[in-house]
>>> print(open('model.txt').read())   # compact mmCIF, C-alpha atoms
# COMPACT_ATOMS: atom_id res chain seq x y z
CA MET A 14 0.00 0.00 0.00
CA THR A 15 1.43 3.36 -0.96
CA GLU A 16 1.77 6.13 1.60
CA MET A 17 -0.93 8.06 -0.27
CA VAL A 18 -3.45 5.23 -0.20
CA ALA A 19 -2.68 4.49 3.44
CA ARG A 20 -3.23 8.13 4.31
CA GLU A 21 -6.57 8.34 2.48
CA LYS A 22 -7.71 5.16 4.17
CA ASN A 23 -6.73 6.43 7.61
CA VAL A 24 -8.40 9.79 7.14
CA ALA A 25 -11.58 8.07 6.02
CA LEU A 26 -11.32 5.94 9.16
CA LEU A 27 -10.85 9.07 11.24
CA ASP A 28 -14.02 10.56 9.72
CA LEU A 29 -15.87 7.35 10.49
CA LEU A 30 -14.67 7.23 14.09
CA ASP A 31 -15.47 10.91 14.58
CA ARG A 32 -19.05 10.10 13.79
CA ILE A 33 -19.74 6.52 14.82
CA VAL A 34 -17.76 6.43 18.04
CA THR A 35 -18.46 9.91 19.41
CA LYS A 36 -21.82 10.84 17.85
CA GLY A 37 -25.10 9.07 17.26
CA VAL A 38 -27.87 8.38 19.72
CA VAL A 39 -26.89 6.83 23.04
CA VAL A 40 -29.78 4.91 24.54
CA TYR A 41 -27.90 3.07 27.27
CA GLY A 42 -28.07 -0.44 26.00
CA ASP A 43 -27.04 -3.40 28.09
CA VAL A 44 -23.57 -2.66 26.76
CA THR A 45 -22.60 0.95 26.00
CA LEU A 46 -19.20 2.44 25.35
CA SER A 47 -17.85 4.50 28.22
CA VAL A 48 -15.97 7.76 27.83
CA ALA A 49 -12.78 5.88 28.73
CA ASP A 50 -13.46 3.40 25.89
CA VAL A 51 -13.84 6.22 23.40
CA ASP A 52 -10.63 7.86 24.63
CA LEU A 53 -8.84 4.58 24.27
CA ILE A 54 -9.97 4.12 20.66
CA TYR A 55 -8.87 7.64 19.81
CA LEU A 56 -5.54 7.29 21.47
CA GLY A 57 -4.91 4.09 19.55
CA LEU A 58 -5.91 5.72 16.29
CA LYS A 59 -3.74 8.72 16.88
CA VAL A 60 -0.79 6.47 17.56
CA LEU A 61 -1.56 4.56 14.38
CA LEU A 62 -1.82 7.66 12.26
CA THR A 63 1.14 9.49 13.68
CA SER A 64 3.76 6.90 12.82
CA VAL A 65 4.14 3.31 11.85
CA GLU A 66 6.85 2.87 14.46
CA THR A 67 4.69 3.92 17.40
CA ALA A 68 1.84 1.83 16.01
CA ASP A 69 4.11 -1.20 16.25
CA GLN A 70 5.00 -0.28 19.82
CA TRP A 71 1.31 0.00 20.58
CA LYS A 72 0.63 -3.43 19.12
CA ARG A 73 3.46 -4.98 21.10
CA ALA A 74 2.27 -3.31 24.29
CA THR A 75 -1.28 -4.58 23.83
CA ALA A 76 -0.06 -8.05 22.93
CA GLU A 77 2.10 -8.21 26.03
CA GLY A 78 -0.72 -6.98 28.19
CA ARG A 79 1.22 -3.88 29.25
CA ILE A 80 -1.88 -1.83 28.58
CA GLY A 81 -4.19 -2.75 31.40
CA SER A 82 -7.69 -1.60 32.18
CA SER A 83 -8.63 1.63 30.46
CA GLU A 84 -8.52 3.70 33.65
CA ALA A 85 -5.14 2.43 34.72
CA GLY A 86 -3.84 1.92 31.21
CA LEU A 87 -4.20 5.32 29.63
CA PRO A 88 -1.48 7.14 31.58
CA VAL A 89 0.88 4.22 31.06
CA VAL A 90 0.37 4.32 27.31
CA LEU A 91 0.70 8.07 27.24
CA SER A 92 4.00 8.11 29.06
CA HIS A 93 5.46 5.21 27.11
CA LEU A 94 4.38 6.02 23.61
CA LEU A 95 3.61 9.68 23.18
CA MET B 15 -38.04 -11.31 14.95
CA ASN B 16 -39.72 -9.56 12.08
CA ASP B 17 -38.29 -11.30 9.05
CA VAL B 18 -39.09 -8.79 6.33
CA PHE B 19 -35.49 -9.11 5.27
CA ALA B 20 -34.27 -12.46 4.14
CA ALA B 21 -34.17 -14.25 7.47
CA PRO B 22 -30.62 -15.12 8.42
CA SER B 23 -30.17 -18.84 8.33
CA LEU B 24 -28.06 -20.86 10.69
CA GLU B 25 -25.69 -21.45 7.79
CA GLU B 26 -25.20 -17.71 7.45
CA ALA B 27 -24.51 -17.38 11.15
CA ALA B 28 -21.89 -20.08 10.79
CA LEU B 29 -20.16 -17.95 8.15
CA ALA B 30 -19.38 -15.32 10.74
CA PRO B 31 -15.68 -14.63 11.23
CA PRO B 32 -13.91 -17.24 13.35
CA GLU B 33 -13.45 -14.93 16.34
CA LEU B 34 -17.24 -14.82 16.64
CA ARG B 35 -17.44 -18.49 17.42
CA SER B 36 -14.96 -18.80 20.20
CA GLN B 37 -11.90 -17.20 21.69
CA ALA B 38 -8.99 -19.35 22.73
CA GLY B 39 -11.22 -22.37 23.08
CA GLU B 40 -13.83 -20.59 25.20
CA VAL B 41 -17.43 -21.45 24.51
CA ALA B 42 -19.52 -18.52 23.25
CA THR B 43 -21.51 -17.25 26.18
CA GLY B 44 -24.61 -16.24 24.26
CA ILE B 45 -26.12 -13.84 21.79
CA GLY B 46 -26.45 -10.09 21.96
CA TYR B 47 -28.46 -7.73 19.77
CA TYR B 48 -26.32 -5.02 18.20
CA VAL B 49 -28.46 -2.02 17.21
CA TYR B 50 -27.18 0.03 14.24
CA GLY B 51 -30.06 2.44 14.02
CA VAL B 52 -33.80 2.94 14.16
CA LEU B 53 -36.29 3.38 11.34
CA ARG B 54 -39.93 4.24 11.24
CA ALA B 55 -41.68 0.87 11.21
CA VAL B 56 -42.40 -0.16 7.64
CA GLU B 57 -44.96 -2.57 6.24
CA PRO B 58 -43.39 -5.97 5.59
CA GLY B 59 -44.12 -5.51 1.88
CA ASP B 60 -42.53 -2.04 1.63
CA ALA B 61 -40.58 -1.90 -1.61
CA ARG B 62 -37.77 0.14 -0.02
CA LEU B 63 -36.78 -2.83 2.08
CA TYR B 64 -35.83 -4.68 -1.06
CA THR B 65 -33.95 -1.95 -2.86
CA TRP B 66 -30.95 -1.99 -0.58
CA GLU B 67 -28.29 -4.56 -0.77
CA GLN B 68 -27.58 -6.20 2.53
CA PRO B 69 -23.93 -6.68 3.38
CA GLN B 70 -23.11 -10.29 2.70
CA ASP B 71 -21.33 -10.97 5.94
CA GLN B 72 -23.76 -9.25 8.30
CA ALA B 73 -27.24 -10.68 8.62
CA VAL B 74 -29.50 -7.77 9.52
CA GLU B 75 -32.97 -8.02 10.97
CA LEU B 76 -35.72 -5.73 12.22
CA VAL B 77 -37.15 -5.67 15.72
CA THR B 78 -40.30 -3.58 15.86
CA ALA B 79 -42.27 -1.89 18.62
CA GLY B 80 -44.11 1.37 19.15
CA GLY B 81 -44.23 2.21 15.44
CA LEU B 82 -40.43 1.97 15.19
CA ALA B 83 -38.07 -0.65 13.85
CA ALA B 84 -34.59 -1.26 15.24
CA VAL B 85 -32.08 -2.50 12.68
CA VAL B 86 -30.09 -5.18 14.47
CA SER B 87 -27.62 -8.01 14.03
CA GLN B 88 -27.21 -10.90 16.38
CA VAL B 89 -23.65 -10.94 17.67
CA SER B 90 -21.78 -13.29 19.92
CA LEU B 91 -21.17 -12.15 23.47
CA ALA B 92 -17.88 -13.99 23.20
CA GLU B 93 -16.88 -10.96 21.12
CA PHE B 94 -18.98 -8.14 22.58
CA GLY B 95 -19.66 -9.30 26.11
CA ASP B 96 -18.50 -7.67 29.32
CA GLY B 97 -14.79 -8.01 29.76
CA VAL B 98 -14.16 -9.17 26.20
CA LEU B 99 -15.26 -5.95 24.55
CA ALA B 100 -12.80 -3.85 26.53
CA GLY B 101 -9.98 -6.00 25.19
CA ASN B 102 -11.25 -5.82 21.61
CA LEU B 103 -11.41 -2.02 21.78
CA ARG B 104 -7.62 -2.06 22.17
CA ASP B 105 -7.32 -3.94 18.89
CA LEU B 106 -7.39 -1.30 16.17
CA ASP B 107 -7.98 -3.86 13.42
CA TRP B 108 -11.01 -5.13 15.30
CA VAL B 109 -12.30 -1.60 15.88
CA GLU B 110 -11.82 -0.67 12.24
CA GLY B 111 -13.61 -3.78 10.98
CA ARG B 112 -16.56 -3.24 13.29
CA VAL B 113 -16.81 0.50 12.65
CA ARG B 114 -16.85 -0.12 8.92
CA GLY B 115 -19.45 -2.84 9.35
CA HIS B 116 -21.67 -0.51 11.41
CA HIS B 117 -21.37 2.15 8.72
CA ARG B 118 -22.06 -0.28 5.87
CA VAL B 119 -25.45 -1.22 7.27
CA LEU B 120 -26.59 2.38 7.75
CA ILE B 121 -25.30 3.47 4.34
CA ALA B 122 -27.20 0.60 2.70
CA LEU B 123 -30.38 1.86 4.37
CA LEU B 124 -29.76 5.41 3.17
CA ALA B 125 -29.14 4.12 -0.35
CA GLY B 126 -32.47 2.33 -0.12
CA ASP B 127 -34.17 5.67 0.54
CA LEU B 128 -34.80 4.83 4.20
CA THR B 129 -33.93 7.21 7.02
CA PRO B 130 -32.07 5.64 9.94
CA VAL B 131 -31.51 7.37 13.27
CA PRO B 132 -27.91 6.29 13.85
CA MET B 133 -26.94 4.68 17.14
CA ARG B 134 -23.52 5.00 18.68
CA PHE B 135 -20.94 2.28 18.07
CA CYS B 136 -21.45 -0.87 20.17
CA THR B 137 -24.98 -0.33 21.44
CA LEU B 138 -26.00 -3.82 22.55
CA PHE B 139 -28.98 -5.45 24.19
CA GLN B 140 -29.33 -8.85 25.79
CA SER B 141 -32.58 -9.82 24.11
CA GLU B 142 -35.13 -8.78 21.51
CA ASP B 143 -37.41 -7.81 24.37
CA ARG B 144 -34.78 -5.39 25.67
CA VAL B 145 -34.56 -3.84 22.19
CA ARG B 146 -38.35 -3.44 22.09
CA GLN B 147 -38.25 -1.92 25.55
CA MET B 148 -35.70 0.63 24.30
CA LEU B 149 -37.96 1.54 21.34
CA VAL B 150 -40.82 2.16 23.76
CA ASP B 151 -38.78 3.96 26.45
CA HIS B 152 -37.18 6.36 23.98
CA ASN B 153 -40.15 6.60 21.64
CA SER B 154 -40.58 10.37 21.68
CA LEU B 155 -36.89 11.11 21.25
CA LEU B 156 -36.58 8.67 18.36
CA CYS B 157 -39.79 9.82 16.68
CA SER B 158 -38.82 13.48 16.80
CA ALA B 159 -35.38 12.62 15.41
CA LEU B 160 -37.00 10.68 12.56
CA GLU B 161 -39.27 13.59 11.80
CA ARG B 162 -36.32 15.95 11.55
CA LEU B 163 -34.23 13.59 9.45
CA GLU B 164 -36.86 12.27 7.04
CA GLY B 165 -35.68 12.68 3.45
CA ARG B 166 -32.38 14.19 4.57
CA ALA B 167 -28.79 13.07 4.93
CA GLU B 168 -25.59 14.46 6.38
CA TRP B 169 -22.79 15.68 4.11
CA GLY B 170 -19.32 16.65 5.18
CA VAL B 171 -17.25 19.47 3.70
CA LYS B 172 -13.61 20.02 4.51
CA MET B 173 -11.78 23.09 3.37
CA PHE B 174 -8.00 23.06 3.07
CA CYS B 175 -5.50 25.75 2.26
CA ASP B 176 -1.98 25.78 1.00
CA SER B 177 -0.51 28.34 3.39
CA THR B 178 2.40 29.16 1.08
CA ALA B 179 0.07 29.94 -1.81
CA VAL B 180 -2.13 32.10 0.39
CA ARG B 181 0.91 33.97 1.64
CA ARG B 182 2.15 34.63 -1.87
CA ARG B 183 -1.28 35.88 -2.79
CA VAL B 184 -1.42 38.18 0.22
CA GLU B 185 2.04 39.55 -0.59
CA GLN B 186 0.94 40.33 -4.13
CA ARG B 187 -2.11 42.13 -2.83
CA ALA B 188 -0.13 44.25 -0.43
CA GLU B 189 1.21 46.31 -3.28
CA GLY B 190 2.49 49.15 -1.16
CA THR B 191 4.88 46.83 0.62
CA ARG B 192 6.39 45.25 -2.47
CA THR B 193 8.62 48.16 -3.21
CA PHE B 194 10.35 47.61 0.09
CA ASP B 195 13.08 45.03 -0.42
CA GLY B 196 14.56 45.26 3.04
CA THR B 197 18.06 46.27 1.97
CA THR B 198 17.83 49.95 1.19
CA GLY B 199 16.47 52.92 3.01
CA ALA B 200 17.60 55.83 5.06
CA GLY B 201 17.64 53.94 8.35
CA GLY B 202 20.54 51.59 7.54
CA PRO B 203 20.73 47.79 7.89
CA GLY B 204 19.46 47.65 11.51
CA THR B 205 16.30 49.50 10.69
CA ALA B 206 15.83 47.41 7.54
CA TYR B 207 16.02 44.20 9.59
CA PHE B 208 13.51 45.53 12.08
CA LEU B 209 11.14 46.62 9.31
CA ARG B 210 11.45 43.27 7.57
CA LYS B 211 10.50 41.45 10.78
CA LYS B 212 7.56 43.75 11.28
CA LEU B 213 6.43 43.16 7.72
CA GLU B 214 6.64 39.37 8.19
CA LYS B 215 4.43 39.63 11.25
CA MET B 216 1.88 41.74 9.43
CA LEU B 217 1.79 39.26 6.57
CA ASP B 218 1.27 36.35 8.99
CA ALA B 219 -1.65 38.16 10.58
CA GLU B 220 -3.08 38.98 7.17
CA VAL B 221 -2.85 35.33 6.04
CA GLU B 222 -4.67 34.33 9.22
CA ARG B 223 -7.38 36.92 8.65
CA VAL B 224 -7.88 36.04 4.99
CA THR B 225 -8.16 32.28 5.64
CA ASP B 226 -10.48 32.77 8.63
CA GLU B 227 -12.74 34.93 6.51
CA ALA B 228 -12.72 32.45 3.64
CA ALA B 229 -13.64 29.57 5.97
CA GLN B 230 -16.37 31.56 7.68
CA ALA B 231 -17.88 32.77 4.40
CA SER B 232 -17.76 29.26 2.92
CA HIS B 233 -19.47 27.72 5.92
CA GLU B 234 -22.20 30.38 5.86
CA ALA B 235 -22.81 29.91 2.14
CA LEU B 236 -23.11 26.12 2.56
CA ALA B 237 -25.21 26.36 5.73
CA ARG B 238 -27.75 28.55 3.91
CA LEU B 239 -28.63 25.54 1.72
CA ALA B 240 -28.86 23.11 4.64
CA ALA B 241 -31.66 22.30 7.06
CA ASP B 242 -29.03 22.36 9.79
CA ALA B 243 -25.26 22.79 9.95
CA VAL B 244 -22.52 22.27 12.47
CA VAL B 245 -18.81 23.03 12.58
CA LEU B 246 -16.76 20.02 13.71
CA ALA B 247 -13.33 20.06 15.32
CA LEU B 248 -10.53 20.52 12.81
CA GLN B 249 -8.35 17.47 12.26
CA ASP B 250 -4.76 18.40 12.89
CA GLN B 251 -2.09 18.07 10.27
CA GLU B 252 -0.21 15.59 12.40
CA VAL B 253 -3.09 13.21 11.90
CA THR B 254 -4.20 14.02 8.35
CA ARG B 255 -0.54 14.17 7.26
CA ARG B 256 -1.50 16.55 4.49
CA ALA B 257 0.66 19.44 3.41
CA GLU B 258 -2.40 21.70 3.47
CA ARG B 259 -3.89 23.09 6.64
CA MET B 260 -7.55 22.32 7.39
CA LEU B 261 -9.59 25.51 7.64
CA LEU B 262 -13.08 24.08 7.99
CA ASN B 263 -14.61 20.74 8.90
CA GLY B 264 -18.34 21.21 8.49
CA ALA B 265 -21.35 18.88 8.56
CA TYR B 266 -24.55 19.79 6.73
CA LEU B 267 -27.98 18.22 6.95
CA LEU B 268 -29.32 18.34 3.40
CA ASP B 269 -32.69 17.62 1.85
CA ARG B 270 -32.12 15.04 -0.85
CA HIS B 271 -33.33 17.34 -3.61
CA ARG B 272 -30.86 20.08 -2.62
CA LEU B 273 -27.69 18.08 -3.16
CA LEU B 274 -27.17 19.35 -6.70
CA GLU B 275 -27.55 22.93 -5.56
CA PHE B 276 -25.11 22.25 -2.73
CA GLU B 277 -22.55 20.84 -5.15
CA ARG B 278 -22.95 23.90 -7.38
CA GLU B 279 -22.30 26.12 -4.39
CA LEU B 280 -19.12 24.17 -3.70
CA ASP B 281 -18.05 24.71 -7.32
CA ARG B 282 -18.69 28.42 -6.91
CA LEU B 283 -16.68 28.54 -3.68
CA THR B 284 -13.84 26.70 -5.41
CA LEU B 285 -13.86 29.37 -8.13
CA ASP B 286 -13.81 32.09 -5.47
CA TYR B 287 -11.18 30.66 -3.16
CA GLY B 288 -9.24 28.32 -5.43
CA PRO B 289 -7.00 31.12 -6.70
CA LEU B 290 -6.24 31.97 -3.07
CA GLY B 291 -4.88 28.45 -2.51
CA CYS B 292 -7.98 26.78 -1.00
CA SER B 293 -9.68 23.53 -1.93
CA PHE B 294 -12.81 21.68 -0.79
CA GLU B 295 -13.62 18.03 -0.16
CA LEU B 296 -17.16 16.69 -0.06
CA THR B 297 -17.95 13.45 1.78
CA GLY B 298 -21.26 11.68 2.16
CA PRO B 299 -23.99 10.83 2.32
CA TRP B 300 -23.54 10.07 6.00
CA PRO B 301 -26.21 8.86 8.37
CA ALA B 302 -27.08 12.01 10.32
CA TYR B 303 -24.68 11.34 13.20
CA ASN B 304 -24.10 15.01 13.85
CA PHE B 305 -27.76 15.89 13.86
CA VAL B 306 -29.18 13.65 16.54
CA LYS B 307 -29.07 14.29 20.24
CA ALA B 308 -25.96 12.54 21.45
CA VAL B 309 -27.37 11.35 24.74
CA ALA B 310 -30.86 10.19 25.51
CA ALA B 311 -32.18 10.46 29.03
CA GLU B 312 -31.53 7.18 30.77
CA ALA B 313 -34.61 4.97 30.74
CA SER B 314 -36.20 4.56 34.16
CA GLY B 315 -35.72 0.81 33.96
CA GLY B 316 -31.96 1.33 33.76
>>> encode(input="model.txt", output="structure tokens")
Amino acid sequence: MTEMVAREKNVALLDLLDRIVTKGVVVYGDVTLSVADVDLIYLGLKVLLTSVETADQWKRATAEGRIGSSEAGLPVVLSHLL
Amino acid sequence: MNDVFAAPSLEEAALAPPELRSQAGEVATGIGYYVYGVLRAVEPGDARLYTWEQPQDQAVELVTAGGLAAVVSQVSLAEFGDGVLAGNLRDLDWVEGRVRGHHRVLIALLAGDLTPVPMRFCTLFQSEDRVRQMLVDHNSLLCSALERLEGRAEWGVKMFCDSTAVRRRVEQRAEGTRTFDGTTGAGGPGTAYFLRKKLEKMLDAEVERVTDEAAQASHEALARLAADAVVLALQDQEVTRRAERMLLNGAYLLDRHRLLEFERELDRLTLDYGPLGCSFELTGPWPAYNFVKAVAAEASGG
């Protein structure tokens, strides 16, 4: 995939996330995303879009379980990756 | 389950991606009902239900109550259940796949001339009864949203500018300053340096003013054609990785019959601001994510 195509794809994904993850009606289903969940998705996306290298770090960190629960995990990720 | 759509067979369910069936040998713990959006209830024979092409890999069904129809898929709680979901949200590939799937269903409905009220990502219920309960509990909110959205869709417009081009343009316009080349003058080299710095600052401010005005005027012109309009947060260059700076990220709720007019307005704006170094990008149609109330009052039942 060329850099150009990858970029277009990621921006389209960003547009999608901007709408589907943060907008739309919330009716409090039996499962509903929390604010921390949304933050987590965004943080991951930002890492992905900013550089391939940090995206790899992110993937390793999630695979090794270094990113724990969203409350505890966010600061860890922030200090390690950003 | 109202099976106005081709009822999903067991075979189809078995075609679901492997991770749906089990995770690391675990047995799936049950079925959840993922709600994509809500429609006004339609007669089972309504032709519009047959004009849209259902995504092959996502069996979609309707659950109806209170004059409304929830568009749902059955999903495995082994993927979406408590505890598992949190882990999946850390997997960007999983998130991307599911976000795109969510979007695909709503876009298919729009293409079929139906108007969905879009739900937020990962809105799940434990049973069809719970979905019906939701349709009843939030009936007035959903009905008023449907009324507002009927026959309309959201369109996105992004405006970008090439800052260097704008700057050149601004320099050309500032004719009085062009005769000053920064090397001559009665004040000597020190004064020339000071004046050059001052001029740079003035040009920066002018570029800022010109682009702000262009973005504001563009948004107003587009909003005039829309039933509703909203300015979204700009996406920073670090994320878009474009050379151009984003000046406007707008969302517009358009009547279907006004799209052509809207596109003509964009052409006109491109003629106006293109020479300045600005360009526009139109995306859509989107389900009207930006034109529904984000949060419904929590149902009394919890």
>>> closest_residue(input="model.txt", among="B:Asp60, B:His271, B:Gly44, B:Glu234", to="Gly126 (chain B)", atoms="only C-alpha atoms")
B:Asp60
>>> residues_around(input="model.txt", residues="Phe135 (chain B)", least_positions_apart="6", cutoff="12 Å", atoms="all atoms listed in the file", output="ChimeraX atom specification")
/A:29-42,44-47,50-51,54 /B:48-51,94,99,103,109-117,120,303,308
>>> write_last_selection(input="model.txt", atoms="C-alpha atoms", output="CSV table (one decimal), in the frame of the given file")
chain,number,residue,atom,x,y,z
A,29,LEU,CA,-15.9,7.4,10.5
A,30,LEU,CA,-14.7,7.2,14.1
A,31,ASP,CA,-15.5,10.9,14.6
A,32,ARG,CA,-19.0,10.1,13.8
A,33,ILE,CA,-19.7,6.5,14.8
A,34,VAL,CA,-17.8,6.4,18.0
A,35,THR,CA,-18.5,9.9,19.4
A,36,LYS,CA,-21.8,10.8,17.8
A,37,GLY,CA,-25.1,9.1,17.3
A,38,VAL,CA,-27.9,8.4,19.7
A,39,VAL,CA,-26.9,6.8,23.0
A,40,VAL,CA,-29.8,4.9,24.5
A,41,TYR,CA,-27.9,3.1,27.3
A,42,GLY,CA,-28.1,-0.4,26.0
A,44,VAL,CA,-23.6,-2.7,26.8
A,45,THR,CA,-22.6,1.0,26.0
A,46,LEU,CA,-19.2,2.4,25.4
A,47,SER,CA,-17.8,4.5,28.2
A,50,ASP,CA,-13.5,3.4,25.9
A,51,VAL,CA,-13.8,6.2,23.4
A,54,ILE,CA,-10.0,4.1,20.7
B,48,TYR,CA,-26.3,-5.0,18.2
B,49,VAL,CA,-28.5,-2.0,17.2
B,50,TYR,CA,-27.2,0.0,14.2
B,51,GLY,CA,-30.1,2.4,14.0
B,94,PHE,CA,-19.0,-8.1,22.6
B,99,LEU,CA,-15.3,-6.0,24.6
B,103,LEU,CA,-11.4,-2.0,21.8
B,109,VAL,CA,-12.3,-1.6,15.9
B,110,GLU,CA,-11.8,-0.7,12.2
B,111,GLY,CA,-13.6,-3.8,11.0
B,112,ARG,CA,-16.6,-3.2,13.3
B,113,VAL,CA,-16.8,0.5,12.6
B,114,ARG,CA,-16.8,-0.1,8.9
B,115,GLY,CA,-19.4,-2.8,9.4
B,116,HIS,CA,-21.7,-0.5,11.4
B,117,HIS,CA,-21.4,2.2,8.7
B,120,LEU,CA,-26.6,2.4,7.8
B,303,TYR,CA,-24.7,11.3,13.2
B,308,ALA,CA,-26.0,12.5,21.4
>>> residues_around(input="model.txt", residues="Asn304 (chain B)", least_positions_apart="2", cutoff="9 Å", atoms="only C-alpha atoms", output="list in words")
Arg32, Lys36 and Gly37 of chain A; Glu168, Ala243, Val244, Leu246, Ala265, Tyr266, Leu267, Pro301, Ala302, Val306, Lys307 and Ala308 of chain B
>>> write_last_selection(input="model.txt", atoms="C-alpha atoms", output="CSV table (one decimal), in the coordinates of the input")
chain,number,residue,atom,x,y,z
A,32,ARG,CA,-19.0,10.1,13.8
A,36,LYS,CA,-21.8,10.8,17.8
A,37,GLY,CA,-25.1,9.1,17.3
B,168,GLU,CA,-25.6,14.5,6.4
B,243,ALA,CA,-25.3,22.8,10.0
B,244,VAL,CA,-22.5,22.3,12.5
B,246,LEU,CA,-16.8,20.0,13.7
B,265,ALA,CA,-21.4,18.9,8.6
B,266,TYR,CA,-24.6,19.8,6.7
B,267,LEU,CA,-28.0,18.2,7.0
B,301,PRO,CA,-26.2,8.9,8.4
B,302,ALA,CA,-27.1,12.0,10.3
B,306,VAL,CA,-29.2,13.6,16.5
B,307,LYS,CA,-29.1,14.3,20.2
B,308,ALA,CA,-26.0,12.5,21.4
>>> axis_aligned_box(input="model.txt", around="region 26-43 of chain A", padding_each_side="8 Å", output="lines of an AutoDock Vina configuration file")
center_x = -20.3
center_y = 3.8
center_z = 18.6
size_x = 34.9
size_y = 30.3
size_z = 34.9
>>> atom_distance(input="model.txt", atom1="CA of Pro299 (chain B)", atom2="CA of Ala83 (chain B)")
21.5 Å
>>> closest_residue(input="model.txt", among="A:Tyr55, A:Val48, A:Asp28, A:Asp43", to="chain B", atoms="only C-alpha atoms")
A:Asp43
>>> atom_distance(input="model.txt", atom1="CA of Val145 (chain B)", atom2="CA of Leu82 (chain B)")
10.8 Å
>>> atom_distance(input="model.txt", atom1="CA of Arg166 (chain B)", atom2="CA of Arg270 (chain B)")
5.5 Å
>>> closest_residue(input="model.txt", among="B:Val85, B:Tyr287, B:Leu155, B:Glu57", to="Ala122 (chain B)", atoms="only C-alpha atoms")
B:Val85
>>> closest_residue(input="model.txt", among="B:Thr225, B:Gln251, B:Gln72, B:Thr178", to="chain A", atoms="only C-alpha atoms")
B:Gln251
>>> residues_near_point(input="model.txt", point="(-21.7, -13.7, 17.8)", cutoff="6 Å", atoms="only C-alpha atoms", output="MDAnalysis selection string")
chainID B and resid 34 45 89:91
>>> closest_residue(input="model.txt", among="B:Val74, B:Ala235, B:Ala247, B:Ala179", to="chain A", atoms="only C-alpha atoms")
B:Ala247
>>> closest_residue(input="model.txt", among="B:Ala257, B:Ile121, B:Met148, B:Val56", to="chain A", atoms="all atoms listed in the file")
B:Met148
